[in-house]
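Everything below concerns the one structure shown next.
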Amino acid sequence: MSPRRSYDQYCSAARALDLVGDRWTLLIVRELLGGPRRYTDLHADLPGVSTDVLASRLKDMERDGLATRHRLPPPGAAYVYELSDRGRELLPVLQALGRWGEAELGTRRPTDAVRAHWFALPLLRALEGEGVVEVELEEGVFHVRAGADTGPVYGEGPAPAEPDARVSLDAGLCEALARGELTLRSAVASGAVRVSGDGPLAKSLRQD
């Protein structure tokens with residue numbers, strides 16, 4: 001394991017960047033906010049990262065206390081990476097960075113990769129209250145846990161239990177939401193986003 005590089009500046013921002021300023025680190029955090037992931041799953045959902053760089057970043061994150069590696073019990077019996085409490089504290093950092101970067105998205109380029117769950121954090125920023133929302137897109141289904149203090153904040157596939165709300169929208173609209181061009185509430189009010197469910201989150205989105 002290579003020694004950690006440092007800016008050697010007595011500044012909290014510089015110290016933070018010592019840990020998460022390397023290329024790919026914060027995107028690995030984005031993936032691990034969805035819960036424990038196998039190395040192969042991380043590599044598949046981080047198109048463009050080399051196997052050597054991914055392995056190096058994960059080792060650095062373990063050393064710095066941002067993530068842990070452990071073996072799943074049978075029948076899984078695979079090693080997975082998971083954020084520590086310290087690593088999970090980067091959620092508001094990523095959310096602030098995502099909000100700041102909305103203006104940089106523009107129209108999706110032909111070379112841009114996309115995964116359905118990459119829209120989880122923008123949608124999470126748009127939700128008020130607490131609960132589980134299942135989201136159906138053309139690219140796939142995922143769910144988000146609004147107001148979650150512990151554990152994964154999103155997950156791929158349907159919600160493991162009956163969600164508080166189900167939201168259905170197309171990719172173009174989801175991209176517009178990610179760019180900050182409209183709000184989730186206004187999209188629901190216009191009928192562009194379909195919401196079902198009787199939970200407080202569903203009622204709030206529909207403004208029942």
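Chain labels run A, B, ... following the order of the structure tokens; each chain numbers its residues from 1, and ligands are numbered from 1 in the order shown.
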
Pull the closest atom pair for each residue of segment 38-116 of chain A that gets at most 7 Å from segment 167-187 of chain A, along with the distance in Å to one decimal, counting only C-alpha atoms, ordering rows by chain and then ascending residue number, as JSON lines.
{"residue": "A:Glu102", "atom": "CA", "partner": "A:Arg179", "partner_atom": "CA", "distance": 4.5}
{"residue": "A:Ala103", "atom": "CA", "partner": "A:Arg179", "partner_atom": "CA", "distance": 6.2}
{"residue": "A:Leu105", "atom": "CA", "partner": "A:Arg179", "partner_atom": "CA", "distance": 6.1}

The selected residues should be written to file as a PDB file, in the first residue's frame (atoms: N, CA and C atoms).
ATOM      1  N   GLU A 102     -25.005  20.563 -10.843  1.00  0.00           N
ATOM      2  CA  GLU A 102     -26.183  20.468 -11.709  1.00  0.00           C
ATOM      3  C   GLU A 102     -26.026  21.284 -12.983  1.00  0.00           C
ATOM      4  N   ALA A 103     -25.445  22.463 -12.851  1.00  0.00           N
ATOM      5  CA  ALA A 103     -25.302  23.346 -14.007  1.00  0.00           C
ATOM      6  C   ALA A 103     -24.311  22.811 -15.032  1.00  0.00           C
ATOM      7  N   LEU A 105     -24.158  19.550 -15.995  1.00  0.00           N
ATOM      8  CA  LEU A 105     -24.619  18.333 -16.666  1.00  0.00           C
ATOM      9  C   LEU A 105     -24.910  18.562 -18.144  1.00  0.00           C
TER      10      LEU A 105
END

Filtered DSSP result for segment 105-192 of chain A, state helix (DSSP H, G or I), as a PyMOL selection string: chain A and resi 105+116-126+171-178+184-189

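Using only C-alpha atoms, the smallest distance between any of A:Gly191, A:Pro152, A:Gly131, A:Gly199 and Leu33 of chain A comes from A:Pro152.
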
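The space separating atom CA of Leu27 of chain A from atom CA of Val132 of chain A comes to 23.1 Å.
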
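If you measure from each of A:Ala146, A:Leu32, A:Val188, A:Leu94 to Lys203 of chain A using only C-alpha atoms, the closest one turns out to be A:Val188.
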
Might you pull out every residue within 10 Å of segment 113-117 of chain A, with only C-alpha atoms counted and same-chain residues fewer than 4 positions away left off, and present them as a VMD selection string? chain A and resid 30 to 31 34 45 to 48 108 to 109 121 to 123 135 to 144 154 to 157 171 174

Could you turn the residues from that selection into a file that holds C-alpha atoms, as a compact mmCIF listing (two decimals), in the first residue's frame?
# COMPACT_ATOMS: atom_id res chain seq x y z
CA ARG A 30 -21.45 7.18 -4.12
CA GLU A 31 -21.67 3.50 -4.98
CA GLY A 34 -26.19 1.95 -1.72
CA ASP A 45 -20.74 0.45 -12.07
CA LEU A 46 -17.65 2.65 -12.33
CA PRO A 47 -17.03 2.53 -16.09
CA GLY A 48 -13.61 3.87 -16.95
CA ARG A 108 -26.33 13.83 -22.04
CA ARG A 109 -23.42 13.12 -24.40
CA LEU A 121 -28.98 11.09 -4.88
CA PRO A 122 -30.63 13.86 -6.96
CA LEU A 123 -34.06 12.39 -6.16
CA VAL A 135 -38.50 4.66 -8.40
CA GLU A 136 -39.25 3.18 -11.80
CA LEU A 137 -37.19 4.38 -14.77
CA GLU A 138 -36.72 3.05 -18.27
CA GLU A 139 -33.16 2.06 -17.26
CA GLY A 140 -34.32 0.10 -14.23
CA VAL A 141 -35.86 0.24 -10.77
CA PHE A 142 -34.24 1.44 -7.56
CA HIS A 143 -35.40 2.70 -4.19
CA VAL A 144 -34.28 5.49 -1.89
CA TYR A 154 -30.58 3.73 -1.74
CA GLY A 155 -30.64 0.29 -3.30
CA GLU A 156 -30.99 -1.26 -6.73
CA GLY A 157 -34.22 -3.07 -7.56
CA ALA A 171 -35.28 9.15 -18.33
CA CYS A 174 -35.14 12.38 -14.53

With segment 55-68 of chain A as the partner and 9 Å as the cut-off, tabulate the residues of segment 19-42 of chain A that qualify, each row holding the nearest pair of atoms and their distance in Å to one decimal, using only C-alpha atoms, sorted by chain and rising number, as JSON lines.
{"residue": "A:Leu19", "atom": "CA", "partner": "A:Asp64", "partner_atom": "CA", "distance": 7.0}
{"residue": "A:Val20", "atom": "CA", "partner": "A:Met61", "partner_atom": "CA", "distance": 8.5}
{"residue": "A:Asp22", "atom": "CA", "partner": "A:Arg57", "partner_atom": "CA", "distance": 8.2}
{"residue": "A:Arg23", "atom": "CA", "partner": "A:Arg57", "partner_atom": "CA", "distance": 8.8}
{"residue": "A:Trp24", "atom": "CA", "partner": "A:Arg57", "partner_atom": "CA", "distance": 7.5}
{"residue": "A:Thr25", "atom": "CA", "partner": "A:Arg57", "partner_atom": "CA", "distance": 6.3}
{"residue": "A:Ile28", "atom": "CA", "partner": "A:Leu58", "partner_atom": "CA", "distance": 8.2}
{"residue": "A:Val29", "atom": "CA", "partner": "A:Leu66", "partner_atom": "CA", "distance": 8.7}
{"residue": "A:Leu32", "atom": "CA", "partner": "A:Ala67", "partner_atom": "CA", "distance": 8.7}
{"residue": "A:Tyr39", "atom": "CA", "partner": "A:Ala55", "partner_atom": "CA", "distance": 8.2}

Those selected residues, please, written with C-alpha atoms and delivered as a compact mmCIF listing (two decimals), in the first residue's frame.
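Result file follows (out-v7.txt):
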# COMPACT_ATOMS: atom_id res chain seq x y z
CA LEU A 19 -8.45 11.45 2.12
CA VAL A 20 -11.02 11.90 -0.64
CA ASP A 22 -7.97 11.40 -5.39
CA ARG A 23 -9.77 10.60 -8.64
CA TRP A 24 -12.57 8.00 -8.20
CA THR A 25 -12.69 8.04 -4.39
CA ILE A 28 -16.73 4.87 -4.90
CA VAL A 29 -18.42 6.48 -1.91
CA LEU A 32 -21.19 2.32 -1.39
CA TYR A 39 -15.40 -5.57 -6.04

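Taking atom CA of Ser84 of chain A as the reference point, atom CA of Asp149 of chain A is found at 13.0 Å.
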
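Residue nearest Ala16 of chain A, chosen from A:Glu89, A:Glu128, A:Asp41, A:Glu82 and counting only C-alpha atoms: A:Glu89.
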
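One finds atom CA of Ala161 of chain A at 28.6 Å from atom CA of Ser190 of chain A.
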
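The set of residues in segment 54-151 of chain A assigned to strand (DSSP E) by DSSP, using only backbone atoms of this structure, is A:Ala67, A:Thr68, A:Arg69, A:His70, A:Arg71, A:Tyr79, A:Val80, A:Tyr81, A:Glu82, A:Leu83, A:Gly131, A:Val132, A:Val133, A:Glu134, A:Val135, A:Glu136, A:Leu137, A:Gly140, A:Val141, A:Phe142, A:His143, A:Val144, A:Arg145, A:Ala146.
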
Generate a file of the selected residues that holds C-alpha atoms, formatted as a PDB file, in the first residue's frame.
ATOM      1  CA  ALA A  67     -14.686   1.692   4.366  1.00  0.00           C
ATOM      2  CA  THR A  68     -14.379  -1.858   5.609  1.00  0.00           C
ATOM      3  CA  ARG A  69     -13.998  -5.177   3.822  1.00  0.00           C
ATOM      4  CA  HIS A  70     -15.641  -8.296   5.154  1.00  0.00           C
ATOM      5  CA  ARG A  71     -16.865 -11.678   4.017  1.00  0.00           C
ATOM      6  CA  TYR A  79     -16.023 -10.316   0.112  1.00  0.00           C
ATOM      7  CA  VAL A  80     -17.825  -6.991   0.092  1.00  0.00           C
ATOM      8  CA  TYR A  81     -16.865  -3.395   0.783  1.00  0.00           C
ATOM      9  CA  GLU A  82     -19.017  -1.233   3.028  1.00  0.00           C
ATOM     10  CA  LEU A  83     -18.844   2.364   4.202  1.00  0.00           C
ATOM     11  CA  GLY A 131     -39.660   6.935   4.194  1.00  0.00           C
ATOM     12  CA  VAL A 132     -38.874   4.580   1.344  1.00  0.00           C
ATOM     13  CA  VAL A 133     -39.638   5.569  -2.244  1.00  0.00           C
ATOM     14  CA  GLU A 134     -39.513   3.072  -5.101  1.00  0.00           C
ATOM     15  CA  VAL A 135     -38.504   4.663  -8.395  1.00  0.00           C
ATOM     16  CA  GLU A 136     -39.250   3.178 -11.803  1.00  0.00           C
ATOM     17  CA  LEU A 137     -37.192   4.384 -14.772  1.00  0.00           C
ATOM     18  CA  GLY A 140     -34.324   0.103 -14.227  1.00  0.00           C
ATOM     19  CA  VAL A 141     -35.859   0.240 -10.772  1.00  0.00           C
ATOM     20  CA  PHE A 142     -34.241   1.438  -7.561  1.00  0.00           C
ATOM     21  CA  HIS A 143     -35.396   2.696  -4.186  1.00  0.00           C
ATOM     22  CA  VAL A 144     -34.276   5.492  -1.890  1.00  0.00           C
ATOM     23  CA  ARG A 145     -34.549   5.875   1.877  1.00  0.00           C
ATOM     24  CA  ALA A 146     -35.335   9.508   2.640  1.00  0.00           C
TER      25      ALA A 146
END

Distance query Ser196 of chain A at most 7 Å, only C-alpha atoms, self and fewer than 3 positions along chain excluded, as a tab-separated table (two decimals) with N, CA and C atoms, in the first residue's frame:
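This is the output file selection22.tsv:
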chain	number	residue	atom	x	y	z
A	165	ALA	N	-44.02	5.22	-1.00
A	165	ALA	CA	-44.49	5.83	-2.26
A	165	ALA	C	-43.80	5.14	-3.43
A	166	ARG	N	-44.49	5.11	-4.56
A	166	ARG	CA	-43.89	4.65	-5.82
A	166	ARG	C	-43.93	5.81	-6.80
A	167	VAL	N	-42.81	6.03	-7.47
A	167	VAL	CA	-42.68	7.13	-8.41
A	167	VAL	C	-42.26	6.57	-9.75
A	202	ALA	N	-45.91	9.95	-0.19
A	202	ALA	CA	-46.74	9.97	-1.41
A	202	ALA	C	-47.74	11.13	-1.34

Counting only C-alpha atoms, which of A:Pro73, A:Gly101, A:Gly35, A:Pro200 gets nearest to Pro163 of chain A? A:Pro200
